[in-house]
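Visitor: After the structure tokens below, expect a handful of questions from me.
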Amino acid sequence: MEAIVLAGGLGTRLVARLSGVPKPMAPVAGRPFLEILLHQLAGAGCGRVLLSVGHLGAVIQDHFGASFRGMRVDYAVEEDPLGTGGAIRLALAQTREDCALVLNGDTFLDADYAAMMRFHAGAGAALTIAVARQANIARYGGVVVSAGRVVSFAEKGRAGPGWINAGAYVLNRNLAWPPDLPEKFSFERDFLAPEIGRILPAAYEVEGFFLDIGVPEDLDRAQTELAEY
């Protein structure tokens with residue numbers, strides 16, 4: 001099992017709290033948030049993780065080096081910011097297996113990632129999206145799931161319960177990217193949204209805890225809610 005973790009974000013909404021470290025290295029319950037994600041991956045049996053780094057990437061490289069809890073750690077380095085899509089495409093080209101798990105470096109999802117990989121293998125899809133049930137989808141926007149596939153997205157702002165894109169994916173290494181995509185692009189906005197009807201991603205439904213540390217109030221929540229992980 002191989003995984004990619006997107007760890008190159010600027011963290012502009014947290015800049016006052018980061019003290020010279022990139023957002024995925026924000027301290028949570030006494031350790032960098034990224035360590036929590038890597039512990040999850042190690043526990044799922046991941047053998048190799050590619051950390052996609054850019055802004056302050058040397059901080060991450062110096063901290064983790066070439067291995068973590070028995071996993072090999074390699075780096076996909078963005079010389080210039082590539083957006084989530086460009087970063088995924090760059091890292092995916094460096095993978096060795098038929099498919100890879102992809103995680104956002106600022107999002108925690110209490111999911112069984114080994115089971116998600118098995119689900120993807122049996123789903124017959126080029127892409128699987130983890131979808132999480134939330135009591136209120138207004139901040140995140142929703143996803144519409146039908147017959148086990150993600151068929152459309154709902155814009156942010158619509159209140160009420162539903163499924164959201166939980167920021168965890170399994171991608172086939174030979175995923176067909178549209179030929180007109182620029183080098184820098186958003187995976188969600190520029191690829192998933194316009195291509196959803198062509199790709200029809202499989203929906204891996206997760207009822208577990210979800211937290212995005214991208215805003216100060218949720219980083220504060222993480223100090224207690226992620227202390228056990």
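Residues are referred to by chain and number: the chain letter is A, B, ... according to the order shown in the structure tokens, the number counts from 1 in that chain, and ligands are numbered separately from 1 in the order shown.
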I'd like the neighbourhood of A:Gly65 as a PyMOL selection string, where a residue qualifies if any of its atoms comes within 12 Å (using only C-alpha atoms), though same-chain residues fewer than 4 positions away should be ignored.
Guide: chain A and resi 49-51+57-61+69+71-75
Visitor: Store the residues picked out above, limited to C-alpha atoms, as a PDB file, in the first residue's frame.
Guide:
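The result, stored in out.pdb:
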ATOM      1  CA  VAL A  49       4.313   7.328   1.839  1.00  0.00           C
ATOM      2  CA  LEU A  50       5.020  10.213  -0.502  1.00  0.00           C
ATOM      3  CA  LEU A  51       4.831  13.581   1.217  1.00  0.00           C
ATOM      4  CA  GLY A  57       8.914  21.769   2.970  1.00  0.00           C
ATOM      5  CA  ALA A  58      12.384  21.481   4.508  1.00  0.00           C
ATOM      6  CA  VAL A  59      10.765  21.558   7.965  1.00  0.00           C
ATOM      7  CA  ILE A  60       8.830  18.398   7.086  1.00  0.00           C
ATOM      8  CA  GLN A  61      11.806  16.695   5.447  1.00  0.00           C
ATOM      9  CA  ARG A  69       7.262   3.661  11.989  1.00  0.00           C
ATOM     10  CA  MET A  71       7.236   3.098   6.397  1.00  0.00           C
ATOM     11  CA  ARG A  72       9.527   4.429   3.736  1.00  0.00           C
ATOM     12  CA  VAL A  73       9.084   8.189   3.397  1.00  0.00           C
ATOM     13  CA  ASP A  74       9.790   9.897   0.072  1.00  0.00           C
ATOM     14  CA  TYR A  75       9.052  13.432  -1.092  1.00  0.00           C
TER      15      TYR A  75
END
Visitor: Neighbours of A:Asp106 within 12 Å (only C-alpha atoms; same-chain residues fewer than 4 positions away dropped), as a tab-separated table (two decimals) with N, CA and C atoms, in the first residue's frame?
Guide:
chain	number	residue	atom	x	y	z
A	5	VAL	N	0.43	12.16	0.81
A	5	VAL	CA	-0.15	13.15	1.72
A	5	VAL	C	0.21	14.54	1.22
A	6	LEU	N	-0.80	15.34	0.96
A	6	LEU	CA	-0.60	16.69	0.45
A	6	LEU	C	-0.22	17.60	1.62
A	7	ALA	N	1.03	18.03	1.66
A	7	ALA	CA	1.55	18.77	2.81
A	7	ALA	C	2.21	20.07	2.39
A	8	GLY	N	1.76	20.65	1.27
A	8	GLY	CA	2.41	21.85	0.77
A	8	GLY	C	1.62	23.13	0.91
A	9	GLY	N	0.49	23.07	1.63
A	9	GLY	CA	-0.39	24.23	1.73
A	9	GLY	C	0.22	25.39	2.52
A	10	LEU	N	-0.26	26.60	2.23
A	10	LEU	CA	0.28	27.80	2.87
A	10	LEU	C	-0.29	28.03	4.27
A	11	GLY	N	-1.51	27.60	4.52
A	11	GLY	CA	-2.11	27.79	5.83
A	11	GLY	C	-2.34	29.25	6.18
A	14	LEU	N	-4.16	30.27	9.32
A	14	LEU	CA	-3.55	29.86	10.59
A	14	LEU	C	-2.19	30.51	10.81
A	22	PRO	N	4.96	24.70	8.43
A	22	PRO	CA	3.83	24.57	7.50
A	22	PRO	C	2.60	24.02	8.21
A	23	LYS	N	1.43	24.27	7.62
A	23	LYS	CA	0.16	23.90	8.27
A	23	LYS	C	0.09	22.44	8.73
A	24	PRO	N	0.54	21.46	7.94
A	24	PRO	CA	0.45	20.08	8.42
A	24	PRO	C	1.30	19.79	9.65
A	25	MET	N	2.24	20.69	9.97
A	25	MET	CA	3.08	20.51	11.15
A	25	MET	C	2.57	21.30	12.35
A	26	ALA	N	1.36	21.84	12.24
A	26	ALA	CA	0.76	22.55	13.37
A	26	ALA	C	0.72	21.64	14.58
A	27	PRO	N	1.12	22.14	15.75
A	27	PRO	CA	1.13	21.28	16.93
A	27	PRO	C	-0.29	20.92	17.39
A	28	VAL	N	-0.52	19.64	17.55
A	28	VAL	CA	-1.82	19.13	18.00
A	28	VAL	C	-1.56	18.11	19.11
A	32	PRO	N	3.25	17.19	15.96
A	32	PRO	CA	2.77	17.75	14.69
A	32	PRO	C	1.57	16.97	14.17
A	33	PHE	N	0.61	17.69	13.63
A	33	PHE	CA	-0.60	17.05	13.09
A	33	PHE	C	-0.24	15.96	12.08
A	34	LEU	N	0.78	16.20	11.27
A	34	LEU	CA	1.15	15.23	10.24
A	34	LEU	C	1.57	13.89	10.84
A	35	GLU	N	2.11	13.91	12.04
A	35	GLU	CA	2.46	12.64	12.70
A	35	GLU	C	1.21	11.80	12.95
A	36	ILE	N	0.10	12.44	13.28
A	36	ILE	CA	-1.15	11.70	13.52
A	36	ILE	C	-1.57	10.98	12.25
A	37	LEU	N	-1.47	11.65	11.11
A	37	LEU	CA	-1.83	11.03	9.83
A	37	LEU	C	-0.90	9.87	9.51
A	166	ALA	N	-14.65	13.92	2.18
A	166	ALA	CA	-13.82	13.92	3.39
A	166	ALA	C	-12.34	14.09	3.09
A	167	GLY	N	-11.97	14.35	1.83
A	167	GLY	CA	-10.59	14.66	1.51
A	167	GLY	C	-9.66	13.47	1.49
A	168	ALA	N	-10.20	12.26	1.36
A	168	ALA	CA	-9.39	11.06	1.21
A	168	ALA	C	-9.82	10.35	-0.06
A	210	PHE	N	-14.53	13.26	11.74
A	210	PHE	CA	-13.89	14.06	10.70
A	210	PHE	C	-13.56	15.42	11.26
A	211	LEU	N	-12.35	15.92	10.94
A	211	LEU	CA	-11.96	17.25	11.39
A	211	LEU	C	-10.96	17.85	10.41
A	212	ASP	N	-11.24	19.07	10.00
A	212	ASP	CA	-10.35	19.86	9.15
A	212	ASP	C	-9.74	20.95	10.02
A	213	ILE	N	-8.40	20.97	10.16
A	213	ILE	CA	-7.76	21.92	11.07
A	213	ILE	C	-7.47	23.27	10.41
A	214	GLY	N	-8.09	23.54	9.27
A	214	GLY	CA	-7.74	24.71	8.48
A	214	GLY	C	-8.14	26.06	9.05
A	215	VAL	N	-8.97	26.07	10.09
A	215	VAL	CA	-9.35	27.34	10.71
A	215	VAL	C	-9.00	27.27	12.20
A	218	ASP	N	-11.08	25.11	14.73
A	218	ASP	CA	-10.98	23.66	14.60
A	218	ASP	C	-9.60	23.15	14.99
A	219	LEU	N	-8.58	23.98	14.82
A	219	LEU	CA	-7.27	23.61	15.36
A	219	LEU	C	-7.34	23.52	16.88
A	222	ALA	N	-8.98	20.30	17.83
A	222	ALA	CA	-8.11	19.16	17.61
A	222	ALA	C	-7.25	18.84	18.84
Visitor: Counting only C-alpha atoms, which of A:Thr107, A:Asn172, A:Gln94, A:Asn165 gets nearest to A:Ala203?
Guide: A:Asn165
Visitor: Which residues come within 6 Å of stretch 122-132 of chain A, counting only C-alpha atoms, excluding same-chain residues fewer than 3 positions away, as a count of residues only?
Guide: 17
Visitor: Name the residues in contact with A:Ala93 at a cut-off of 10 Å, using only C-alpha atoms, excluding same-chain residues fewer than 5 positions from it; report them as a PyMOL selection string.
Guide: chain A and resi 76+88+173-174
Visitor: Let's see if you can do this: from backbone DSSP, list all helix (DSSP H, G or I) residues in chain A, as JSON, numbers by chain.
Guide: {"A": [12, 13, 14, 15, 16, 17, 18, 23, 24, 25, 33, 34, 35, 36, 37, 38, 39, 40, 41, 42, 43, 57, 58, 59, 60, 61, 62, 63, 64, 83, 84, 85, 86, 87, 88, 89, 90, 91, 92, 113, 114, 115, 116, 117, 118, 119, 120, 121, 122, 123, 187, 188, 189, 190, 191, 192, 193, 194, 195, 196, 197, 198, 199, 216, 217, 218, 219, 220, 221, 222, 223, 224, 225]}
Visitor: Nearest to A:Gly141: which of A:Ala193, A:Cys46, A:Ala159, A:Leu175 is it, counting only C-alpha atoms?
Guide: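 Ranking A:Ala193, A:Cys46, A:Ala159, A:Leu175 by distance to A:Gly141, first place goes to A:Ala159.
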Visitor: In stretch 42-191 of chain A, what's strand (DSSP E) per DSSP? Answer as a ChimeraX atom specification?
Guide: /A:48-53,67-68,71-77,99-104,107-109,127-134,143-146,149-153,162-172
Visitor: Using Å and a single decimal, report how far atom CA of A:Val151 sits from atom CA of A:Ile196.
Guide: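 Straight-line distance from atom CA of A:Ile196 to atom CA of A:Val151 works out to 6.4 Å.
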